[in-house]
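This is input_15.tsv. It holds TSV, C-alpha atoms.
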```tsv
chain	number	residue	atom	x	y	z
E	1	MET	CA	65.00	117.30	218.80
E	2	ASN	CA	61.78	115.42	218.04
E	3	VAL	CA	62.16	112.20	216.10
E	4	VAL	CA	59.36	111.63	213.61
E	5	LYS	CA	57.82	108.23	214.21
E	6	GLN	CA	57.71	105.95	211.19
E	7	PRO	CA	54.40	104.43	210.08
E	8	PRO	CA	53.96	100.82	211.24
E	9	VAL	CA	54.40	97.85	208.95
E	10	ILE	CA	51.44	95.46	208.66
E	11	CYS	CA	52.28	91.83	207.96
E	12	LEU	CA	49.33	89.78	206.75
E	13	MET	CA	50.24	86.09	206.58
E	14	GLY	CA	48.29	82.90	206.13
E	15	PRO	CA	48.02	79.66	204.19
E	16	THR	CA	47.10	79.65	200.52
E	17	ALA	CA	43.40	80.31	199.76
E	18	SER	CA	42.72	81.74	203.24
E	19	GLY	CA	41.50	85.17	202.10
E	20	LYS	CA	44.63	87.32	202.45
E	21	THR	CA	44.15	89.23	199.19
E	22	ALA	CA	40.54	90.19	199.92
E	23	LEU	CA	41.47	91.53	203.37
E	24	ALA	CA	44.47	93.38	201.93
E	25	MET	CA	42.21	95.15	199.45
E	26	ALA	CA	39.78	96.09	202.21
E	27	LEU	CA	42.69	97.51	204.22
E	28	SER	CA	43.84	99.50	201.19
E	29	ASP	CA	40.39	101.07	200.99
E	30	ALA	CA	40.53	102.02	204.67
E	31	LEU	CA	44.16	103.04	205.18
E	32	PRO	CA	46.87	105.05	203.39
E	33	CYS	CA	48.83	101.89	202.62
E	34	ASP	CA	50.74	100.28	199.76
E	35	ILE	CA	50.77	96.51	199.21
E	36	ILE	CA	54.01	94.54	199.00
E	37	SER	CA	53.69	90.92	197.87
E	38	VAL	CA	55.45	88.33	200.04
E	39	ASP	CA	55.06	85.40	197.67
E	40	SER	CA	57.84	83.41	196.01
E	41	ALA	CA	55.55	82.42	193.10
E	42	LEU	CA	54.12	85.86	192.26
E	43	ILE	CA	57.59	87.15	191.42
E	44	TYR	CA	57.47	85.27	188.08
E	45	ARG	CA	56.19	86.84	184.88
E	46	ASP	CA	53.83	84.81	182.64
E	47	MET	CA	52.78	82.67	185.60
E	48	ASN	CA	49.46	84.23	186.48
E	49	ILE	CA	46.73	81.61	186.71
E	50	GLY	CA	48.55	78.91	188.65
E	51	THR	CA	49.92	81.41	191.17
E	52	ALA	CA	46.47	82.99	191.76
E	53	LYS	CA	48.01	86.35	190.92
E	54	PRO	CA	45.57	89.25	191.33
E	55	SER	CA	43.83	90.12	188.06
E	56	ALA	CA	44.82	93.08	185.88
E	57	ASN	CA	41.74	94.96	187.14
E	58	GLU	CA	42.64	94.25	190.77
E	59	LEU	CA	46.24	95.30	190.24
E	60	SER	CA	45.07	98.48	188.56
E	61	LYS	CA	43.06	99.43	191.64
E	62	TYR	CA	45.37	97.82	194.21
E	63	PRO	CA	48.96	97.85	192.89
E	64	HIS	CA	51.23	95.17	194.36
E	65	ARG	CA	54.96	95.73	194.66
E	66	LEU	CA	57.41	92.84	194.15
E	67	ILE	CA	55.40	90.87	191.62
E	68	ASN	CA	56.44	90.08	188.02
E	69	LEU	CA	60.10	90.65	188.91
E	70	ARG	CA	61.69	87.63	187.28
E	71	ASP	CA	61.50	85.43	184.22
E	72	ALA	CA	60.64	81.80	184.95
E	73	ALA	CA	64.22	80.77	184.13
E	74	GLN	CA	65.67	83.05	186.81
E	75	SER	CA	66.11	82.55	190.53
E	76	TYR	CA	65.06	84.80	193.40
E	77	SER	CA	66.27	84.17	196.93
E	78	ALA	CA	65.10	85.23	200.37
E	79	ALA	CA	68.11	87.59	200.39
E	80	ASP	CA	66.90	89.15	197.12
E	81	PHE	CA	63.47	89.58	198.66
E	82	CYS	CA	64.81	91.23	201.82
E	83	HIS	CA	66.92	93.67	199.81
E	84	ASP	CA	63.97	94.61	197.60
E	85	ALA	CA	61.39	94.67	200.39
E	86	LEU	CA	63.46	96.89	202.69
E	87	ALA	CA	63.91	99.37	199.83
E	88	GLU	CA	60.16	99.38	199.08
E	89	ILE	CA	59.27	99.75	202.77
E	90	ALA	CA	61.63	102.72	203.13
E	91	SER	CA	60.10	104.34	200.04
E	92	ILE	CA	56.53	103.84	201.30
E	93	ARG	CA	57.34	105.13	204.77
E	94	ALA	CA	59.11	108.17	203.28
E	95	ASN	CA	55.74	109.09	201.75
E	96	ASN	CA	54.16	108.71	205.21
E	97	ARG	CA	52.18	105.69	204.07
E	98	ILE	CA	51.86	102.24	205.64
E	99	PRO	CA	53.62	99.24	204.08
E	100	LEU	CA	51.20	96.29	203.93
E	101	LEU	CA	53.07	93.03	203.39
E	102	VAL	CA	50.80	90.24	202.18
E	103	GLY	CA	51.62	86.64	201.33
E	104	GLY	CA	52.30	83.09	202.36
E	105	THR	CA	56.05	82.66	201.89
E	106	MET	CA	56.97	82.34	205.54
E	107	MET	CA	60.73	82.24	204.96
E	108	TYR	CA	60.49	85.70	203.37
E	109	PHE	CA	58.63	87.08	206.40
E	110	LYS	CA	61.04	85.42	208.84
E	111	SER	CA	64.11	86.71	206.99
E	112	LEU	CA	62.73	90.23	206.86
E	113	ILE	CA	61.69	90.39	210.51
E	114	GLU	CA	64.71	88.61	212.03
E	115	GLY	CA	67.42	89.65	209.55
E	116	ILE	CA	68.95	87.45	206.87
E	117	SER	CA	72.41	86.01	206.56
E	118	PRO	CA	74.88	87.55	204.08
E	119	LEU	CA	74.52	84.81	201.46
E	120	PRO	CA	75.83	85.33	197.92
E	121	ALA	CA	73.48	85.92	195.00
E	122	ALA	CA	72.71	82.98	192.74
E	123	ASN	CA	75.35	82.31	190.10
E	124	SER	CA	74.06	80.76	186.87
E	125	GLU	CA	77.45	79.32	185.85
E	126	ILE	CA	78.00	77.55	189.17
E	127	ARG	CA	74.42	76.24	189.10
E	128	LYS	CA	74.91	74.83	185.59
E	129	GLN	CA	78.10	73.12	186.74
E	130	ILE	CA	76.28	71.50	189.65
E	131	GLU	CA	73.34	70.44	187.45
E	132	THR	CA	75.74	68.93	184.90
E	133	GLU	CA	77.54	67.00	187.63
E	134	ALA	CA	74.20	65.81	188.99
E	135	ALA	CA	73.13	64.61	185.54
E	136	GLU	CA	76.33	62.56	185.30
E	137	GLN	CA	76.67	61.34	188.89
E	138	GLY	CA	73.15	61.57	190.36
E	139	TRP	CA	71.76	63.67	193.22
E	140	GLU	CA	72.82	61.11	195.82
E	141	ALA	CA	76.45	61.77	194.84
E	142	MET	CA	75.88	65.54	195.09
E	143	HIS	CA	74.34	65.03	198.53
E	144	ALA	CA	77.40	63.02	199.60
E	145	GLN	CA	79.58	65.86	198.30
E	146	LEU	CA	77.66	68.32	200.47
E	147	ALA	CA	77.96	66.03	203.49
E	148	GLN	CA	81.76	66.18	203.20
E	149	VAL	CA	81.87	69.98	203.53
E	150	ASP	CA	78.67	70.78	205.46
E	151	SER	CA	77.29	67.83	207.43
E	152	VAL	CA	74.70	69.99	209.22
E	153	SER	CA	73.08	71.14	205.95
E	154	ALA	CA	73.34	67.62	204.53
E	155	GLN	CA	71.34	66.27	207.47
E	156	ARG	CA	68.67	68.94	206.91
E	157	ILE	CA	68.45	68.70	203.10
E	158	HIS	CA	67.01	65.56	201.49
E	159	PRO	CA	68.88	64.03	198.54
E	160	ASN	CA	65.68	64.42	196.48
E	161	ASP	CA	65.57	68.19	197.00
E	162	PRO	CA	67.75	69.48	194.12
E	163	GLN	CA	66.81	73.14	194.63
E	164	ARG	CA	68.19	73.30	198.18
E	165	LEU	CA	71.10	70.99	197.38
E	166	ILE	CA	72.18	73.27	194.54
E	167	ARG	CA	71.98	76.30	196.80
E	168	ALA	CA	74.06	74.74	199.59
E	169	LEU	CA	76.77	73.59	197.18
E	170	GLU	CA	76.66	76.89	195.30
E	171	VAL	CA	77.22	78.91	198.51
E	172	PHE	CA	80.26	76.82	199.41
E	173	ARG	CA	81.79	77.01	195.94
E	174	LEU	CA	81.26	80.77	195.74
E	175	THR	CA	82.45	81.75	199.22
E	176	GLY	CA	84.49	78.89	200.66
E	177	ASN	CA	82.16	79.07	203.66
E	178	THR	CA	79.33	76.65	204.32
E	179	LEU	CA	75.64	77.52	204.39
E	180	THR	CA	75.65	76.56	208.07
E	181	GLN	CA	78.43	79.04	208.85
E	182	LEU	CA	76.88	81.93	206.94
E	183	THR	CA	73.34	81.47	208.26
E	184	GLN	CA	74.62	82.09	211.80
E	185	ILE	CA	75.28	85.72	210.80
E	186	LYS	CA	72.29	88.07	210.63
E	187	GLY	CA	72.12	91.19	208.47
E	188	ASP	CA	69.67	94.09	208.07
E	189	LYS	CA	66.12	93.59	209.30
E	190	LEU	CA	62.85	95.44	209.54
E	191	ASP	CA	62.62	98.14	212.22
E	192	GLY	CA	59.86	100.15	213.87
E	193	ASP	CA	56.36	98.92	214.77
E	194	ILE	CA	55.53	95.60	213.12
E	195	LEU	CA	51.92	94.39	213.33
E	196	GLN	CA	51.72	90.68	212.50
E	197	PHE	CA	48.46	88.97	211.59
E	198	ALA	CA	47.62	85.49	210.34
E	199	ILE	CA	44.32	84.67	208.65
E	200	THR	CA	42.93	81.16	208.30
E	201	PRO	CA	39.54	79.41	208.26
E	202	LYS	CA	38.30	78.13	211.61
E	203	GLU	CA	38.06	74.56	210.31
E	204	ARG	CA	40.75	72.70	208.35
E	205	SER	CA	38.02	71.18	206.17
E	206	THR	CA	36.95	74.66	205.06
E	207	LEU	CA	40.50	75.44	203.95
E	208	HIS	CA	40.62	72.16	202.00
E	209	GLU	CA	37.35	73.04	200.27
E	210	ARG	CA	38.63	76.50	199.34
E	211	ILE	CA	41.86	75.00	197.95
E	212	GLU	CA	39.96	72.47	195.83
E	213	LEU	CA	37.59	75.14	194.53
E	214	ARG	CA	40.47	77.46	193.63
E	215	TYR	CA	42.30	74.69	191.79
E	216	GLN	CA	39.18	73.87	189.75
E	217	GLN	CA	38.82	77.57	188.92
E	218	MET	CA	42.44	77.68	187.73
E	219	ILE	CA	41.78	74.76	185.39
E	220	GLU	CA	38.69	76.54	184.01
E	221	GLN	CA	40.67	79.77	183.53
E	222	GLY	CA	43.21	78.08	181.26
E	223	PHE	CA	45.98	76.93	183.60
E	224	GLU	CA	46.88	74.10	181.21
E	225	ASN	CA	47.50	76.52	178.34
E	226	GLU	CA	49.64	78.69	180.61
E	227	VAL	CA	51.95	75.76	181.37
E	228	ILE	CA	51.94	74.61	177.73
E	229	ALA	CA	53.34	78.04	176.78
E	230	LEU	CA	56.08	77.68	179.42
E	231	LYS	CA	56.84	74.15	178.26
E	232	LYS	CA	57.37	75.30	174.66
E	233	ARG	CA	60.44	77.21	175.80
E	234	ASN	CA	63.70	75.28	175.67
E	235	ASP	CA	65.22	76.89	178.77
E	236	LEU	CA	62.79	75.64	181.42
E	237	HIS	CA	62.81	72.30	183.23
E	238	GLU	CA	61.19	70.58	186.17
E	239	ASN	CA	63.90	71.35	188.74
E	240	LEU	CA	63.71	75.14	188.38
E	241	PRO	CA	62.14	76.96	191.37
E	242	SER	CA	59.43	78.38	189.08
E	243	ILE	CA	58.32	75.00	187.74
E	244	ARG	CA	58.54	73.48	191.22
E	245	CYS	CA	55.81	75.89	192.37
E	246	VAL	CA	52.74	74.05	193.64
E	247	GLY	CA	50.44	73.19	190.74
E	248	TYR	CA	52.97	73.88	188.01
E	249	ARG	CA	54.99	70.76	188.68
E	250	GLN	CA	51.87	68.57	188.61
E	251	MET	CA	50.64	70.17	185.38
E	252	TRP	CA	54.12	69.83	183.85
E	253	GLN	CA	54.21	66.11	184.68
E	254	TYR	CA	50.69	65.66	183.28
E	255	LEU	CA	51.82	67.27	180.02
E	256	ASN	CA	54.71	64.78	180.03
E	257	ASP	CA	52.06	62.02	180.06
E	258	GLU	CA	53.12	60.84	183.52
E	259	TYR	CA	49.45	60.60	184.56
E	260	ASP	CA	45.97	61.55	183.35
E	261	HIS	CA	44.01	64.78	183.79
E	262	LYS	CA	41.99	63.57	186.78
E	263	GLU	CA	45.11	62.45	188.66
E	264	MET	CA	46.83	65.76	187.83
E	265	ILE	CA	44.03	67.65	189.55
E	266	PHE	CA	44.13	65.27	192.53
E	267	LYS	CA	47.91	65.61	192.87
E	268	GLY	CA	47.74	69.39	192.45
E	269	VAL	CA	45.11	69.74	195.16
E	270	CYS	CA	47.06	67.41	197.49
E	271	ALA	CA	50.29	69.38	196.93
E	272	THR	CA	48.46	72.64	197.68
E	273	ARG	CA	47.01	71.17	200.87
E	274	GLN	CA	50.49	70.07	201.92
E	275	LEU	CA	51.77	73.60	201.29
E	276	ALA	CA	48.97	75.03	203.45
E	277	LYS	CA	49.84	72.54	206.20
E	278	ARG	CA	53.49	73.64	206.14
E	279	GLN	CA	52.44	77.30	206.24
E	280	LEU	CA	50.21	76.67	209.26
E	281	THR	CA	53.01	74.77	211.01
E	282	TRP	CA	55.26	77.83	210.60
E	283	LEU	CA	52.55	80.14	211.89
E	284	ARG	CA	51.67	78.10	214.99
E	285	SER	CA	55.16	78.69	216.35
E	286	TRP	CA	55.31	82.34	215.23
E	287	PRO	CA	55.84	84.88	218.03
E	288	GLU	CA	53.75	88.06	218.44
E	289	LEU	CA	51.05	86.89	216.03
E	290	GLN	CA	47.40	88.01	216.08
E	291	TRP	CA	45.02	85.46	214.57
E	292	LEU	CA	42.12	86.32	212.28
E	293	THR	CA	39.42	83.98	210.99
E	294	THR	CA	38.52	83.83	207.30
E	295	ASP	CA	35.20	85.60	206.48
E	296	ASP	CA	35.00	87.22	209.94
E	297	GLU	CA	33.38	90.63	209.44
E	298	MET	CA	35.46	91.98	212.34
E	299	ASN	CA	38.86	91.33	210.68
E	300	LEU	CA	39.13	94.80	209.18
E	301	SER	CA	38.22	96.57	212.43
E	302	LYS	CA	40.69	94.38	214.39
E	303	VAL	CA	43.58	95.39	212.14
E	304	LEU	CA	42.51	99.05	212.11
E	305	ALA	CA	42.36	99.04	215.92
E	306	ALA	CA	45.92	97.68	216.10
E	307	VAL	CA	47.14	100.34	213.68
E	308	GLY	CA	45.40	103.02	215.77
E	309	LYS	CA	47.36	101.97	218.86
E	310	CYS	CA	50.62	102.73	217.04
E	311	ASP	CA	49.79	106.43	216.70
```
Spell out the structure here as structure tokens.
Amino acid sequence: MNVVKQPPVICLMGPTASGKTALAMALSDALPCDIISVDSALIYRDMNIGTAKPSANELSKYPHRLINLRDAAQSYSAADFCHDALAEIASIRANNRIPLLVGGTMMYFKSLIEGISPLPAANSEIRKQIETEAAEQGWEAMHAQLAQVDSVSAQRIHPNDPQRLIRALEVFRLTGNTLTQLTQIKGDKLDGDILQFAITPKERSTLHERIELRYQQMIEQGFENEVIALKKRNDLHENLPSIRCVGYRQMWQYLNDEYDHKEMIFKGVCATRQLAKRQLTWLRSWPELQWLTTDDEMNLSKVLAAVGKCD
């Protein structure tokens, strides 16, 4: 009995502002493929400018799956992403089309390719309990609490990282098992041919220039008003994953009069550069990766050639 070969999965990674979206659109014009976003910021509704979400016109022509999934008050984990992405990939392949995964959230890619641990979903009640305790006792006390039950995670997580601290404590309170114990178990992962590409400018200075230009464009497009609208809600605060997104936190603090407009832009650009540096650090140690250079006219043909070899 002949087994029908599944279409390959294309993974297009890279630091912020490296040109992933433009190449993804070119690939969509050339291949029977459907785009899946691999971006922990694009999952939020009403956060469009600061996340550099594709425009309404672009999304009309090039639909992206796994964007606008959550309200800014909600959480979305790597496990949530893997569950949703695997379902979307199966659906796309069932139609004999190619899943094209595009984004810069490296933990999402890693979890999908290697398999993710069976961690529990976020629990709003437990999280509120932890946040209340932190407000009363301080994050240092919460970090000490984590160290008592999971010293390995406590060594890895900084006391000033409330998002990860909450998650580690939440996992223990929900399951009775530590984050360290559960992450040693791997669950479902992507199968079949996986073509992995990373795109980045040849020079670091070029990437920095692109980041600064994009941030200025966001300001001109009304990024401040976007965050003002979020700030008017009474259910959002600075420690939520959505507001901790690069750019949003700096704008939020500016609106709190913590610094002036010029410093907000400087801090936002610096934070974005730091994000790009972390993304590149991930990618440099990534196995089975084919590198592409931003604005190289041969990028499209290189990816198409790799897809052709999978036939």
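Here atom CA of E:Ile130 and atom CA of E:Gln163 stand 10.8 Å from one another.
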Problem set entry | Nearest residue to E:Leu100 from the set E:Cys270, E:Ala24, E:Ile228, E:Ile211 (distances using all atoms listed in the file) | E:Ala24
Could you give me, as a tab-separated table, a per-residue list for stretch 90-192 of chain E showing, wherever an atom lies at most 10 Å from an atom of stretch 229-246 of chain E, the closest pair of atoms and their distance in Å to one decimal, using all atoms listed in the file and sorting by chain then residue number from low to high?
```
residue	atom	partner	partner_atom	distance
E:Glu131	CA	E:Asn239	CA	9.6
E:Asp161	CA	E:Asn239	CA	9.0
E:Pro162	CA	E:Asn239	CA	6.9
E:Gln163	CA	E:Asn239	CA	6.8
E:Arg164	CA	E:Pro241	CA	9.8
```
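A straight line drawn from atom CA of E:Asp295 to atom CA of E:Gln196 is 18.3 Å long.
Atom CA of E:Lys302 is found 27.4 Å from atom CA of E:Cys82.
Across E:Ala121, E:Val269, E:Ala141, E:Leu213, the tightest approach to E:Thr175 is made by E:Ala121 when counting all atoms listed in the file.
Among E:Ile166, E:Ser124, E:Arg93, E:Leu280, the residue with the shortest atom-to-atom distance to E:Met142, counting all atoms listed in the file, is E:Ile166.
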Problem set entry | Residues within 10 Å of E:Asn160, all atoms listed in the file, excluding chain neighbours under 3 positions, as a ChimeraX atom specification | /E:139-140,143,157,163-165
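When all atoms listed in the file are used to compute distances to E:Arg284, the closest of the residues E:Pro15, E:Asp260, E:Ser117, E:Asp296 turns out to be E:Pro15.
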If I put a ball of radius 10 Å at (46.4, 83.3, 208.1) in the file's coordinates, which residues poke into it when counting all atoms listed in the file, written as an mmCIF file with C-alpha atoms, in the frame of the given file?
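Below is the file out11.cif, written as the result:
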```
data_model
loop_
_atom_site.group_PDB
_atom_site.id
_atom_site.type_symbol
_atom_site.label_atom_id
_atom_site.label_comp_id
_atom_site.auth_asym_id
_atom_site.auth_seq_id
_atom_site.Cartn_x
_atom_site.Cartn_y
_atom_site.Cartn_z
ATOM 1 C CA LEU E 12 49.330 89.780 206.750
ATOM 2 C CA MET E 13 50.240 86.090 206.580
ATOM 3 C CA GLY E 14 48.290 82.900 206.130
ATOM 4 C CA PRO E 15 48.020 79.660 204.190
ATOM 5 C CA THR E 16 47.100 79.650 200.520
ATOM 6 C CA ALA E 17 43.400 80.310 199.760
ATOM 7 C CA SER E 18 42.720 81.740 203.240
ATOM 8 C CA GLY E 19 41.500 85.170 202.100
ATOM 9 C CA LYS E 20 44.630 87.320 202.450
ATOM 10 C CA GLY E 103 51.620 86.640 201.330
ATOM 11 C CA GLY E 104 52.300 83.090 202.360
ATOM 12 C CA PHE E 197 48.460 88.970 211.590
ATOM 13 C CA ALA E 198 47.620 85.490 210.340
ATOM 14 C CA ILE E 199 44.320 84.670 208.650
ATOM 15 C CA THR E 200 42.930 81.160 208.300
ATOM 16 C CA PRO E 201 39.540 79.410 208.260
ATOM 17 C CA ALA E 276 48.970 75.030 203.450
ATOM 18 C CA GLN E 279 52.440 77.300 206.240
ATOM 19 C CA LEU E 280 50.210 76.670 209.260
ATOM 20 C CA LEU E 283 52.550 80.140 211.890
ATOM 21 C CA LEU E 289 51.050 86.890 216.030
ATOM 22 C CA GLN E 290 47.400 88.010 216.080
ATOM 23 C CA TRP E 291 45.020 85.460 214.570
ATOM 24 C CA LEU E 292 42.120 86.320 212.280
ATOM 25 C CA THR E 293 39.420 83.980 210.990
ATOM 26 C CA THR E 294 38.520 83.830 207.300
#
```
Exercise. Hey, what's within 12 Å of E:Gln145 if we count only C-alpha atoms and toss same-chain stuff fewer than 6 positions away? As a list in words, please?
Worked result: Ile130, Glu133, Ala134, Gln137, Gly138, Trp139, Ser151, Ser153, Ala154, Pro159, Leu165, Ile166, Ala168, Leu169, Glu170, Phe172 and Arg173 of chain E
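Across E:Phe81, E:Leu207, E:His261, E:Trp252, the tightest approach to E:Arg273 is made by E:Leu207 when counting all atoms listed in the file.
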Problem set entry | Within 10 Å of E:Gln6 using only C-alpha atoms, minus same-chain residues under 4 positions, as a list in words | Ala90, Arg93, Ala94, Asn96, Arg97, Ile98, Asp191, Gly192, Asp193, Cys310 and Asp311 of chain E
Counting only C-alpha atoms, what is within 10 Å of E:Leu69, bar same-chain residues fewer than 3 positions away, as a CSV table (one decimal) with C-alpha atoms, keeping the file's coordinate frame?
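Saved as result.csv:
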```csv
chain,number,residue,atom,x,y,z
E,42,LEU,CA,54.1,85.9,192.3
E,43,ILE,CA,57.6,87.2,191.4
E,44,TYR,CA,57.5,85.3,188.1
E,45,ARG,CA,56.2,86.8,184.9
E,65,ARG,CA,55.0,95.7,194.7
E,66,LEU,CA,57.4,92.8,194.2
E,72,ALA,CA,60.6,81.8,185.0
E,74,GLN,CA,65.7,83.0,186.8
E,76,TYR,CA,65.1,84.8,193.4
```
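If only C-alpha atoms are the atoms counted, then among E:Asn225, E:Gln253, E:Gln148, E:Gln274 the closest residue to E:Arg204 is E:Gln274.
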Exercise. What lies within 8 Å of E:His64 using all atoms listed in the file, ignoring chain neighbours under 3 positions off, as a count of residues only?
Worked result: 6
For this session: Take the point (54.7, 78.8, 199.5) in the file's coordinates, draw a sphere of radius 7 Å around it, and report as a list of chain:residue names every protein, DNA or RNA residue with an atom inside or on it, counting all atoms listed in the file.
Result: E:Asp39, E:Ser40, E:Gly104, E:Thr105, E:Leu275
